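One file, structure-v6.cif, carrying mmCIF, C-alpha atoms:
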data_coords
loop_
_atom_site.label_atom_id
_atom_site.label_comp_id
_atom_site.auth_asym_id
_atom_site.auth_seq_id
_atom_site.Cartn_x
_atom_site.Cartn_y
_atom_site.Cartn_z
CA MET A 1 123.54 -4.80 -126.37
CA LYS A 2 125.53 -6.01 -129.42
CA LEU A 3 123.46 -3.81 -131.71
CA TRP A 4 124.03 -0.81 -129.45
CA LEU A 5 127.77 -1.42 -129.37
CA GLY A 6 127.82 -1.90 -133.13
CA LEU A 7 126.02 1.37 -133.73
CA ALA A 8 128.33 3.13 -131.30
CA LEU A 9 131.39 1.79 -133.09
CA LEU A 10 129.99 2.89 -136.44
CA ALA A 11 128.84 6.30 -135.24
CA GLY A 12 132.08 7.13 -133.48
CA PRO A 13 134.35 7.79 -136.46
CA LEU A 14 131.55 9.62 -138.29
CA ALA A 15 131.00 11.90 -135.31
CA ALA A 16 134.71 12.62 -135.01
CA GLN A 17 134.92 13.40 -138.73
CA SER A 18 131.97 15.78 -138.67
CA ALA A 19 133.29 17.42 -135.49
CA ARG A 20 136.53 18.42 -137.21
CA ALA A 21 134.57 19.85 -140.12
CA ARG A 22 132.38 21.85 -137.75
CA LEU A 23 135.33 23.22 -135.82
CA GLU A 24 137.51 24.30 -138.72
CA GLY A 25 137.19 28.00 -139.32
CA ARG A 26 135.22 28.47 -136.09
CA VAL A 27 138.06 28.04 -133.55
CA PRO A 28 141.71 29.05 -133.73
CA GLY A 29 143.51 26.70 -136.15
CA ALA A 30 146.07 25.70 -133.52
CA ALA A 31 143.33 24.30 -131.29
CA VAL A 32 141.65 22.11 -133.91
CA PRO A 33 143.96 19.04 -133.68
CA VAL A 34 143.83 19.00 -129.87
CA LEU A 35 140.08 19.45 -129.80
CA ASP A 36 139.72 16.76 -132.42
CA SER A 37 141.70 14.35 -130.28
CA LEU A 38 139.51 15.16 -127.25
CA VAL A 39 136.39 14.48 -129.29
CA GLN A 40 137.83 11.20 -130.51
CA ARG A 41 138.64 10.24 -126.93
CA ALA A 42 135.01 10.92 -125.96
CA VAL A 43 133.86 8.75 -128.84
CA ALA A 44 136.15 5.96 -127.71
CA GLU A 45 134.75 6.15 -124.18
CA GLY A 46 131.15 6.14 -125.37
CA LEU A 47 130.58 9.69 -124.20
CA PRO A 48 128.51 12.30 -126.03
CA THR A 49 130.57 14.58 -128.27
CA GLU A 50 128.06 17.37 -128.86
CA PRO A 51 128.70 19.13 -125.51
CA LEU A 52 132.43 19.21 -126.35
CA ILE A 53 131.85 20.60 -129.84
CA GLN A 54 129.42 23.18 -128.49
CA LYS A 55 131.93 24.29 -125.85
CA ALA A 56 134.63 24.67 -128.49
CA LEU A 57 132.30 26.61 -130.82
CA GLU A 58 131.26 28.81 -127.93
CA GLY A 59 134.88 29.61 -127.14
CA GLY A 60 135.58 30.36 -130.78
CA ALA A 61 132.56 32.66 -131.03
CA LYS A 62 133.61 34.48 -127.87
CA GLN A 63 137.09 34.86 -129.38
CA VAL A 64 138.76 33.09 -126.51
CA THR A 65 142.38 31.97 -126.93
CA ALA A 66 143.10 28.46 -128.18
CA SER A 67 144.55 27.35 -124.85
CA ARG A 68 141.46 28.44 -122.94
CA ILE A 69 139.18 26.70 -125.40
CA VAL A 70 141.16 23.48 -125.02
CA ALA A 71 141.08 23.81 -121.22
CA ALA A 72 137.31 24.34 -121.23
CA VAL A 73 136.75 21.33 -123.49
CA GLN A 74 139.00 19.19 -121.30
CA LEU A 75 136.96 20.28 -118.29
CA SER A 76 133.75 19.38 -120.13
CA LEU A 77 135.18 15.95 -120.95
CA GLY A 78 135.91 15.43 -117.25
CA GLN A 79 132.34 16.46 -116.37
CA LEU A 80 130.94 13.97 -118.87
CA ARG A 81 133.06 11.18 -117.38
CA ALA A 82 131.88 12.09 -113.87
CA ALA A 83 128.28 12.12 -115.09
CA ARG A 84 128.64 8.69 -116.70
CA ASP A 85 130.16 7.24 -113.51
CA LEU A 86 127.37 8.77 -111.43
CA LEU A 87 124.70 7.24 -113.65
CA ILE A 88 126.28 3.82 -113.32
CA ARG A 89 126.57 4.23 -109.54
CA ALA A 90 122.87 5.21 -109.42
CA GLY A 91 121.90 1.99 -111.15
CA ASP A 92 121.94 2.67 -114.92
CA GLU A 93 123.47 -0.20 -116.83
CA PRO A 94 126.38 0.68 -119.08
CA PRO A 95 126.60 1.82 -121.77
CA VAL A 96 124.61 4.78 -120.52
CA THR A 97 122.80 6.87 -123.10
CA PRO A 98 124.55 10.05 -124.32
CA GLY A 99 121.49 12.13 -123.56
CA GLU A 100 121.45 11.09 -119.91
CA VAL A 101 125.17 11.74 -119.56
CA THR A 102 124.63 15.25 -120.92
CA THR A 103 121.70 15.81 -118.56
CA VAL A 104 123.64 14.76 -115.48
CA ALA A 105 126.71 16.75 -116.51
CA TRP A 106 124.51 19.81 -116.86
CA ALA A 107 122.95 19.25 -113.42
CA LEU A 108 126.41 19.05 -111.88
CA ARG A 109 127.47 22.21 -113.73
CA ARG A 110 124.40 23.98 -112.35
CA GLY A 111 125.74 23.25 -108.88
CA LEU A 112 123.70 20.28 -107.71
CA PRO A 113 125.64 18.04 -105.33
CA ALA A 114 126.42 14.61 -106.80
CA PRO A 115 124.48 12.68 -104.11
CA VAL A 116 121.35 14.72 -104.87
CA VAL A 117 121.70 14.04 -108.59
CA GLN A 118 122.20 10.37 -107.82
CA ARG A 119 118.99 10.27 -105.78
CA VAL A 120 116.99 11.82 -108.61
CA VAL A 121 118.48 9.35 -111.11
CA ALA A 122 117.57 6.45 -108.85
CA ALA A 123 114.03 7.81 -108.38
CA LEU A 124 113.55 7.94 -112.15
CA PRO A 125 114.88 4.61 -113.37
CA ARG A 126 113.70 5.27 -116.90
CA PRO A 127 115.00 8.26 -118.87
CA PRO A 128 114.51 11.01 -119.83
CA ARG A 129 115.43 12.78 -116.63
CA ALA A 130 116.31 16.20 -117.99
CA SER A 131 113.18 17.97 -116.71
CA ALA A 132 113.55 16.46 -113.24
CA MET A 133 117.18 17.58 -113.07
CA HIS A 134 116.35 21.07 -114.24
CA ALA A 135 113.45 21.27 -111.77
CA VAL A 136 115.74 20.40 -108.85
CA ALA A 137 118.44 22.76 -110.13
CA ASP A 138 115.85 25.55 -110.55
CA LEU A 139 114.80 25.10 -106.92
CA ALA A 140 118.42 25.12 -105.78
CA ALA A 141 118.93 28.32 -107.76
CA HIS A 142 116.13 29.84 -105.67
CA GLN A 143 118.10 28.95 -102.53
CA PHE A 144 116.02 25.89 -101.66
CA ASP A 145 118.01 23.22 -99.88
CA PRO A 146 119.02 20.80 -102.69
CA ASP A 147 118.02 17.73 -100.67
CA SER A 148 114.59 19.17 -99.87
CA ALA A 149 114.22 20.22 -103.50
CA ALA A 150 115.00 16.68 -104.63
CA ASP A 151 112.48 15.36 -102.09
CA LEU A 152 109.75 17.53 -103.59
CA ILE A 153 110.51 16.53 -107.16
CA ILE A 154 110.74 12.85 -106.22
CA ALA A 155 107.36 13.20 -104.46
CA ALA A 156 105.96 14.76 -107.64
CA ILE A 157 107.33 11.84 -109.68
CA GLY A 158 105.66 9.51 -107.18
CA GLN A 159 102.37 11.34 -107.83
CA GLY A 160 102.68 10.60 -111.53
CA LEU A 161 104.09 13.88 -112.82
CA VAL A 162 106.60 13.50 -115.63
CA ARG A 163 108.71 15.54 -118.02
CA GLU A 164 107.81 19.23 -118.29
CA ARG A 165 105.18 18.98 -115.56
CA LEU A 166 108.06 18.66 -113.12
CA LEU A 167 109.18 22.13 -114.16
CA ASP A 168 105.72 23.34 -113.15
CA VAL A 169 106.43 22.01 -109.64
CA SER A 170 109.60 24.06 -109.28
CA ALA A 171 107.85 27.08 -110.80
CA ALA A 172 105.02 26.70 -108.26
CA ALA A 173 107.51 26.66 -105.36
CA ALA A 174 109.27 29.75 -106.70
CA HIS A 175 105.87 31.42 -107.00
CA GLU A 176 105.11 30.71 -103.35
CA LEU A 177 108.41 32.34 -102.41
CA GLN A 178 107.42 35.43 -104.37
CA ARG A 179 104.15 35.50 -102.43
CA GLY A 180 106.14 35.89 -99.24
CA HIS A 181 106.34 32.37 -97.88
CA THR A 182 109.50 30.93 -96.42
CA HIS A 183 111.33 28.19 -98.27
CA ALA A 184 109.96 25.52 -95.94
CA GLU A 185 106.41 26.87 -96.27
CA ALA A 186 106.68 27.04 -100.04
CA LEU A 187 107.80 23.42 -100.26
CA ALA A 188 105.03 22.29 -97.92
CA LEU A 189 102.37 24.23 -99.84
CA VAL A 190 103.41 22.81 -103.19
CA ARG A 191 103.63 19.31 -101.76
CA GLN A 192 100.01 19.67 -100.62
CA GLN A 193 98.97 20.73 -104.12
CA LEU A 194 100.57 17.72 -105.81
CA PRO A 195 99.82 16.54 -108.43
CA ASN A 196 97.62 19.54 -109.28
CA VAL A 197 100.21 22.28 -109.56
CA PRO A 198 99.27 24.96 -112.10
CA ALA A 199 100.52 24.28 -115.61
CA SER A 200 102.63 26.87 -117.33
CA PRO A 201 100.72 28.82 -119.97
CA LYS A 202 100.98 27.75 -123.57
CA PRO A 203 102.45 30.21 -126.06
CA THR A 204 99.89 32.81 -127.03
CA ARG A 205 98.56 32.98 -130.55
CA SER A 206 100.31 36.30 -131.09
CA ALA A 207 103.62 34.79 -129.93
CA VAL A 208 103.18 31.93 -132.37
CA ALA A 209 102.37 34.41 -135.13
CA ARG A 210 105.53 36.40 -134.34
CA ALA A 211 107.78 33.37 -134.08
CA ARG A 212 110.32 32.69 -136.77
CA ARG A 213 112.81 29.95 -137.40
CA PRO A 214 116.46 30.82 -137.10
CA ALA A 215 118.26 30.89 -140.40
CA ALA A 216 119.96 27.59 -141.18
CA PRO A 217 123.71 27.72 -140.61
CA PRO A 218 125.72 27.81 -143.81
CA PRO A 219 127.31 24.51 -144.84
CA PRO A 220 130.80 23.99 -143.38
CA MET B 1 36.13 77.40 -128.02
CA ASN B 2 34.72 80.84 -127.41
CA MET B 3 31.01 81.15 -128.01
CA ILE B 4 29.86 84.25 -129.93
CA ASP B 5 27.00 86.10 -128.48
CA PRO B 6 23.83 85.27 -130.58
CA ARG B 7 22.96 89.01 -130.73
CA ILE B 8 26.16 89.62 -132.67
CA HIS B 9 25.04 86.94 -135.16
CA GLN B 10 21.74 88.73 -135.51
CA VAL B 11 23.43 92.11 -136.11
CA LEU B 12 25.78 90.51 -138.73
CA ASP B 13 22.80 88.81 -140.39
CA GLY B 14 20.90 92.17 -140.46
CA GLU B 15 18.18 90.96 -138.17
CA LEU B 16 19.08 93.40 -135.40
CA ALA B 17 20.23 97.03 -135.50
CA PRO B 18 23.73 97.64 -134.09
CA GLY B 19 22.32 100.35 -131.88
CA ALA B 20 20.38 97.74 -129.93
CA LEU B 21 23.66 96.27 -128.65
CA SER B 22 25.70 97.31 -125.66
CA ALA B 23 28.85 99.35 -126.29
CA GLU B 24 31.07 96.30 -125.74
CA LEU B 25 29.15 94.10 -128.16
CA ARG B 26 29.16 96.90 -130.70
CA ARG B 27 32.99 97.03 -130.54
CA SER B 28 33.10 93.27 -131.10
CA VAL B 29 30.85 93.63 -134.14
CA GLU B 30 33.07 96.38 -135.54
CA ARG B 31 36.20 94.20 -135.11
CA LEU B 32 34.51 91.32 -136.87
CA VAL B 33 33.41 93.49 -139.74
CA THR B 34 36.96 94.82 -140.13
CA ALA B 35 38.40 91.26 -140.11
CA VAL B 36 35.96 90.07 -142.74
CA ALA B 37 36.86 93.06 -144.89
CA LEU B 38 40.56 92.14 -144.63
CA LEU B 39 39.98 88.47 -145.55
CA GLY B 40 38.04 89.43 -148.55
CA ALA B 41 40.77 91.68 -150.00
CA PRO B 42 43.05 90.05 -152.69
CA LEU B 43 46.68 89.21 -151.54
CA PRO B 44 49.51 90.87 -153.44
CA LEU B 45 51.01 87.59 -154.93
CA PRO B 46 54.32 87.80 -156.86
CA SER B 47 54.14 87.07 -160.51
CA LEU B 48 55.16 83.64 -161.89
CA GLU B 49 58.15 85.17 -163.62
CA SER B 50 59.47 86.79 -160.47
CA ARG B 51 59.02 83.56 -158.53
CA VAL B 52 60.91 81.52 -161.19
CA MET B 53 63.67 84.09 -161.34
CA ALA B 54 64.01 84.05 -157.55
CA LEU B 55 64.53 80.30 -157.64
CA ILE B 56 67.10 80.58 -160.43
CA ARG B 57 69.03 83.29 -158.60
CA ARG B 58 69.25 81.24 -155.37
CA PRO B 59 72.70 79.51 -155.32
CA ALA B 60 72.48 75.71 -155.66
CA PRO B 61 73.61 73.84 -152.51
CA SER B 62 77.09 72.30 -152.72
CA ARG B 63 77.56 68.56 -153.28
CA ALA B 64 78.76 68.07 -149.68
CA ARG B 65 75.73 69.92 -148.35
CA ARG B 66 73.40 67.80 -150.46
CA LEU B 67 75.18 64.65 -149.23
CA LEU B 68 74.91 65.81 -145.63
CA ARG B 69 71.24 66.59 -146.12
CA TRP B 70 70.72 63.14 -147.67
CA LEU B 71 72.54 61.49 -144.78
CA ALA B 72 70.68 63.50 -142.17
CA THR B 73 67.24 62.92 -143.63
CA PRO B 74 65.50 60.06 -141.86
CA ARG B 75 64.50 57.25 -144.18
CA ALA B 76 62.56 54.11 -143.59
CA VAL B 77 64.49 50.96 -144.51
CA MET B 78 62.71 47.71 -144.58
CA PHE B 79 64.33 44.25 -144.61
CA ARG B 80 62.49 41.18 -145.47
CA VAL B 81 64.51 38.20 -144.19
CA ARG B 82 63.68 34.57 -143.94
CA PRO B 83 64.60 33.27 -140.42
CA VAL B 84 66.52 30.34 -141.91
CA TRP B 85 68.91 32.70 -143.72
CA SER B 86 69.32 34.82 -140.59
CA LEU B 87 70.32 31.75 -138.60
CA ALA B 88 72.71 30.61 -141.33
CA PHE B 89 74.34 34.05 -141.40
CA ALA B 90 74.74 34.05 -137.60
CA ALA B 91 76.27 30.56 -137.72
CA VAL B 92 78.83 31.62 -140.34
CA VAL B 93 79.80 34.70 -138.30
CA ALA B 94 80.18 32.57 -135.15
CA LEU B 95 82.28 30.03 -137.06
CA LEU B 96 84.59 32.69 -138.47
CA THR B 97 84.98 34.27 -135.04
CA LEU B 98 85.51 31.16 -132.94
CA VAL B 99 87.32 28.74 -135.25
CA PRO B 100 90.69 29.97 -136.53
CA ILE B 101 91.12 29.35 -140.23
CA GLY B 102 94.83 28.63 -140.42
CA HIS B 103 97.25 30.87 -138.53
CA GLU B 104 100.10 33.17 -139.23
CA GLY B 105 103.62 32.24 -138.32
CA PRO B 106 105.49 29.02 -138.89
CA ASP B 107 104.07 25.53 -138.42
CA ILE B 108 105.39 24.18 -135.16
CA GLY B 109 106.34 20.52 -135.04
CA GLU B 110 105.44 18.07 -132.30
CA HIS B 111 108.86 18.33 -130.69
CA GLU B 112 109.28 22.05 -131.13
CA GLY B 113 108.48 25.00 -128.92
CA ILE B 114 108.77 28.74 -128.79
CA ALA B 115 111.52 30.67 -127.04
CA GLN B 116 111.09 34.37 -126.34
CA PHE B 117 114.21 36.42 -125.81
CA VAL B 118 113.93 39.89 -124.30
CA GLY B 119 116.74 42.22 -123.30
CA ARG B 120 116.94 45.88 -122.33
CA PHE B 121 119.70 47.58 -124.26
CA PRO B 122 118.95 51.30 -124.66
CA GLY B 123 121.01 52.91 -127.38
CA ALA B 124 122.12 49.63 -128.92
CA GLN B 125 122.38 49.49 -132.70
CA SER B 126 121.94 45.72 -132.93
CA VAL B 127 121.30 42.80 -130.58
CA HIS B 128 121.63 39.11 -131.48
CA VAL B 129 121.05 35.99 -129.45
CA VAL B 130 123.73 33.37 -129.79
CA GLY B 131 123.73 29.96 -128.20
CA SER B 132 123.88 26.20 -128.45
CA PHE B 133 120.68 26.30 -130.55
CA ASN B 134 122.53 27.97 -133.42
CA ASP B 135 126.04 26.52 -132.89
CA TRP B 136 127.08 29.82 -131.24
CA ARG B 137 127.00 31.48 -134.63
CA PRO B 138 126.72 35.25 -134.16
CA GLY B 139 124.30 37.09 -136.37
CA SER B 140 121.81 34.35 -137.14
CA ILE B 141 119.03 35.44 -134.73
CA ALA B 142 118.52 39.19 -134.49
CA LEU B 143 116.38 40.84 -131.82
CA GLU B 144 114.22 43.80 -132.81
CA ASP B 145 113.37 47.02 -131.02
CA VAL B 146 110.20 47.89 -132.88
CA ASP B 147 109.06 50.61 -130.45
CA GLN B 148 112.52 52.17 -130.14
CA ASP B 149 112.14 51.92 -126.37
CA GLY B 150 115.38 50.05 -125.75
CA LEU B 151 113.58 46.74 -125.25
CA TRP B 152 114.81 44.20 -127.79
CA ARG B 153 112.81 41.06 -128.53
CA ALA B 154 112.90 37.91 -130.63
CA THR B 155 110.49 34.99 -130.73
CA VAL B 156 112.04 31.87 -132.16
CA VAL B 157 110.91 28.33 -132.94
CA LEU B 158 113.40 25.81 -131.53
CA PRO B 159 113.44 22.07 -130.93
CA ALA B 160 112.29 21.32 -127.39
CA GLY B 161 115.21 21.10 -124.99
CA ALA B 162 117.58 23.14 -122.88
CA TYR B 163 120.05 25.59 -124.37
CA GLU B 164 122.76 27.94 -123.19
CA TYR B 165 122.91 31.40 -124.73
CA MET B 166 124.10 34.99 -124.46
CA PHE B 167 123.21 38.26 -126.14
CA VAL B 168 125.69 39.96 -128.44
CA VAL B 169 125.19 43.73 -128.42
CA ASP B 170 126.46 45.82 -131.34
CA GLY B 171 128.34 42.80 -132.68
CA GLU B 172 130.99 42.75 -129.96
CA ARG B 173 129.66 42.94 -126.40
CA TRP B 174 128.65 39.56 -124.90
CA VAL B 175 125.98 40.00 -122.23
CA PRO B 176 124.05 37.39 -120.24
CA ASP B 177 120.26 37.57 -120.15
CA HIS B 178 119.64 39.30 -116.84
CA LEU B 179 115.96 38.32 -116.97
CA ALA B 180 116.76 34.61 -117.20
CA GLU B 181 116.33 32.64 -113.99
CA ARG B 182 118.86 30.03 -114.95
CA LEU B 183 122.54 30.82 -115.24
CA VAL B 184 125.58 28.60 -115.51
CA ALA B 185 129.32 29.30 -115.61
CA ASP B 186 130.62 29.27 -119.18
CA GLU B 187 134.15 28.12 -118.23
CA PHE B 188 135.49 31.26 -119.90
CA GLY B 189 134.98 33.54 -116.91
CA ARG B 190 131.40 34.56 -117.65
CA GLU B 191 127.92 33.15 -117.24
CA ASN B 192 125.60 31.76 -119.86
CA SER B 193 121.84 31.95 -119.47
CA ILE B 194 119.77 28.81 -119.88
CA VAL B 195 116.45 28.59 -121.70
CA ILE B 196 114.27 25.51 -121.55
CA VAL B 197 112.01 25.19 -124.58
CA ARG B 198 108.90 23.16 -123.92
CA PRO B 199 106.97 21.47 -126.72
CA ALA B 200 104.30 23.91 -127.89
CA ARG B 201 101.79 21.08 -128.41
CA ARG B 202 101.13 19.72 -124.97
#
Please render this file's structure as structure tokens.
Amino acid sequence: MKLWLGLALLAGPLAAQSARARLEGRVPGAAVPVLDSLVQRAVAEGLPTEPLIQKALEGGAKQVTASRIVAAVQLSLGQLRAARDLLIRAGDEPPVTPGEVTTVAWALRRGLPAPVVQRVVAALPRPPRASAMHAVADLAAHQFDPDSAADLIIAAIGQGLVRERLLDVSAAAAHELQRGHTHAEALALVRQQLPNVPASPKPTRSAVARARRPAAPPPP
Amino acid sequence: MNMIDPRIHQVLDGELAPGALSAELRRSVERLVTAVALLGAPLPLPSLESRVMALIRRPAPSRARRLLRWLATPRAVMFRVRPVWSLAFAAVVALLTLVPIGHEGPDIGEHEGIAQFVGRFPGAQSVHVVGSFNDWRPGSIALEDVDQDGLWRATVVLPAGAYEYMFVVDGERWVPDHLAERLVADEFGRENSIVIVRPARR
């Protein structure tokens, strides 16, 4: 715990410093000091800063006004706080990991109700939970009842499926919908298949041959 | 085979007078005598000179014609192969076919995967994908419309994870990926698409 706190204290100022460097020239100049203070506040609270920086960069790229960028970053900071509190309520011991805070914040942004997210967190006591959250959110996006969607993913976790295999579960349910089944039928069918849901195909050799790495961003 | 009447033989050999034969056999004897007279006459052969000159005057076949004739002429080809070399050759062919020797494209790390971006933008001059994977920096990942059919594509190696993104058409128009199943509000009044990149080595 002491080591973790020590690292967090050391990493905080460095993160804030690099954040300012990344923002300058990419967002309206007037917004930089405010955004910098929001990032520093996140550091002080032990929250991840990358989602805030990304939101600011996104606003700058989309040529949004400074005030709207600041408002969006403030909203993101609030989402991260809510995510941290949810994790602690679900049983994670503070300080919660930045990655899990980001995951939960994303699940909430994708429209999952907080109690559903909390159930999934409790069902997966050990991170990472990102795939589970995305699997439930994917099902909800296909108009499955979020509680029933969480039930299915928790059942899949109980059957030993982890990480990306959980995304195969949500994909299988969506596939059953496409085949004409009702939502309830699709969930029941996939539940029967567990844990042997079809795996998503690997990238083809031609896709790998075509793939290229994005150019590295120029130094700030 | 037709048998010749022995009386005809006798007439031809001078042992029997032609008058002793019937009218029909006499006609046969006359035909035979005429044929023998024809066979015995010398043939009017052309002289050596005229034959040589005829060959010289005949135009030589073109190179293509000679090649065609050579190709069309059946020839016997004989291989003498030791079975051990045949098997070795077959094994090498099978190895080259079944086992990839290296591969094109970039090396993909353990925690990296491939993201494929596809958008339909007929008439667009340029399309880029911009997102949290490239710090929302426009212009760094261009899509290509190789077939000029309005379908723009890019295949990119990214660290495994989830990312938000949008397309930028002609450098100014921000458009969500309508083919993406995952969308999320961008807090600026629009929607970002979400791509989840799985590790390629599973």
request  = Please provide as a PyMOL selection string all residues within 12 Å of Pro214 (chain A), with the sequence filter that same-chain residues fewer than 2 positions apart are discarded (counting only C-alpha atoms).
outcome  = (chain A and resi 211-212+216-218) or (chain B and resi 106+114-115+128-131+133-135+137-143+154-159)
request  = Evaluate the PyMOL selection byres ((chain A and resi 201) around 12) and record the selected residues as a VMD selection string, following the chain and residue labels used in the document.
outcome  = (chain A and resid 165 168 171 198 to 200 202 to 205 207) or (chain B and resid 114 198 to 202)
Write out as a tab-separated table a residue-level contact list of chain A versus chain B with cut-off 9 Å: for each qualifying residue the closest pair of atoms and the distance in Å to one decimal, counting only C-alpha atoms, rows sorted by chain and residue number upward.
residue	atom	partner	partner_atom	distance
A:Arg26	CA	B:Arg137	CA	8.9
A:Ile53	CA	B:Asp135	CA	8.8
A:Gln54	CA	B:Ser132	CA	6.3
A:Lys55	CA	B:Asp186	CA	8.4
A:Leu57	CA	B:Trp136	CA	6.1
A:Glu58	CA	B:Trp136	CA	5.4
A:Gly59	CA	B:Phe188	CA	7.5
A:Gly60	CA	B:Trp136	CA	8.5
A:Ala61	CA	B:Trp136	CA	6.2
A:Lys62	CA	B:Trp174	CA	7.7
A:Val64	CA	B:Phe188	CA	7.6
A:Arg68	CA	B:Phe188	CA	7.3
A:Ile69	CA	B:Phe188	CA	8.0
A:Ala71	CA	B:Glu187	CA	8.7
A:Ala72	CA	B:Glu187	CA	5.8
A:Val73	CA	B:Glu187	CA	9.0
A:Leu75	CA	B:Glu187	CA	8.3
A:Ser76	CA	B:Glu187	CA	9.0
A:Trp106	CA	B:Val184	CA	9.0
A:Arg109	CA	B:Val184	CA	6.9
A:Arg110	CA	B:Val184	CA	5.7
A:Gly111	CA	B:Val184	CA	8.5
A:Ala130	CA	B:Ala162	CA	8.6
A:His134	CA	B:Ile196	CA	8.8
A:Ala137	CA	B:Arg182	CA	8.7
A:Asp138	CA	B:Arg182	CA	7.0
A:Ala141	CA	B:Arg182	CA	7.4
A:His142	CA	B:Glu181	CA	8.8
A:Glu164	CA	B:Arg198	CA	7.0
A:Lys202	CA	B:Ala200	CA	6.7
A:Pro203	CA	B:Ala200	CA	6.8
A:Arg205	CA	B:His103	CA	8.4
A:Ser206	CA	B:Glu104	CA	8.7
A:Ala207	CA	B:Thr155	CA	6.9
A:Val208	CA	B:Gly105	CA	6.0
A:Ala209	CA	B:Gly105	CA	4.1
A:Arg210	CA	B:Gly105	CA	6.1
A:Ala211	CA	B:Thr155	CA	4.6
A:Arg212	CA	B:Val156	CA	5.0
A:Arg213	CA	B:Val157	CA	5.1
A:Pro214	CA	B:Ile141	CA	5.8
A:Ala215	CA	B:Ser140	CA	5.9
A:Ala216	CA	B:Ser140	CA	8.1
A:Pro217	CA	B:Asn134	CA	7.3
Evaluate the PyMOL selection byres ((chain A and resi 194) around 10) on the structure here and hand back the selected residues as an mmCIF file with C-alpha atoms, in the coordinates of the input.
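Saved the output as part-v1.cif:
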data_model
loop_
_atom_site.group_PDB
_atom_site.id
_atom_site.type_symbol
_atom_site.label_atom_id
_atom_site.label_comp_id
_atom_site.auth_asym_id
_atom_site.auth_seq_id
_atom_site.Cartn_x
_atom_site.Cartn_y
_atom_site.Cartn_z
ATOM 1 C CA LEU A 152 109.750 17.530 -103.590
ATOM 2 C CA ALA A 155 107.360 13.200 -104.460
ATOM 3 C CA ALA A 156 105.960 14.760 -107.640
ATOM 4 C CA ILE A 157 107.330 11.840 -109.680
ATOM 5 C CA GLY A 158 105.660 9.510 -107.180
ATOM 6 C CA GLN A 159 102.370 11.340 -107.830
ATOM 7 C CA GLY A 160 102.680 10.600 -111.530
ATOM 8 C CA LEU A 161 104.090 13.880 -112.820
ATOM 9 C CA VAL A 169 106.430 22.010 -109.640
ATOM 10 C CA LEU A 189 102.370 24.230 -99.840
ATOM 11 C CA VAL A 190 103.410 22.810 -103.190
ATOM 12 C CA ARG A 191 103.630 19.310 -101.760
ATOM 13 C CA GLN A 192 100.010 19.670 -100.620
ATOM 14 C CA GLN A 193 98.970 20.730 -104.120
ATOM 15 C CA PRO A 195 99.820 16.540 -108.430
ATOM 16 C CA ASN A 196 97.620 19.540 -109.280
ATOM 17 C CA VAL A 197 100.210 22.280 -109.560
ATOM 18 C CA PRO A 198 99.270 24.960 -112.100
#
message = Running the PyMOL selection byres ((chain A and resi 99) around 10) on this model by hand, what would come out? Give it as a PyMOL selection string.
response = chain A and resi 47-48+50+96-98+100-105+127-130
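Compared by their closest atoms to Val117 (chain A), and using only C-alpha atoms, the residues A:Ala150, A:Ala140, A:Val32, A:Ala135 rank with A:Ala150 nearest.
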inquiry  = I want to know what sits within 8 Å of Gly46 (chain A), based on all atoms listed in the file, with residues of the same chain fewer than 2 positions away left out; could you give that as a PyMOL selection string?
reply    = chain A and resi 8+42-44+48+95+98
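Separating CA of Val118 (chain B) from CA of Asp145 (chain B) is a distance of 9.8 Å.
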inquiry  = Quick one: residues within 10 Å of Val29 (chain B), only C-alpha atoms, excluding same-chain residues fewer than 2 positions away - as JSON, numbers by chain?
reply    = {"B": [7, 8, 9, 11, 12, 18, 21, 23, 24, 25, 26, 27, 31, 32, 33, 34, 35]}
query = What is the distance between CA of Tyr163 (chain B) and CA of Gln148 (chain B), in Å to one decimal?
reply =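 A separation of 28.2 Å between them.
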request  = Give as a PyMOL selection string every residue, naming chains and numbers as the document does, that has an atom within 7 Å of (124.5, 44.6, -133.5), counting only C-alpha atoms.
outcome  = chain B and resi 125-128+168-171
Keeping only C-alpha atoms, write the selected residues to a file as a compact mmCIF listing (two decimals), in the coordinates of the input.
# COMPACT_ATOMS: atom_id res chain seq x y z
CA GLN B 125 122.38 49.49 -132.70
CA SER B 126 121.94 45.72 -132.93
CA VAL B 127 121.30 42.80 -130.58
CA HIS B 128 121.63 39.11 -131.48
CA VAL B 168 125.69 39.96 -128.44
CA VAL B 169 125.19 43.73 -128.42
CA ASP B 170 126.46 45.82 -131.34
CA GLY B 171 128.34 42.80 -132.68
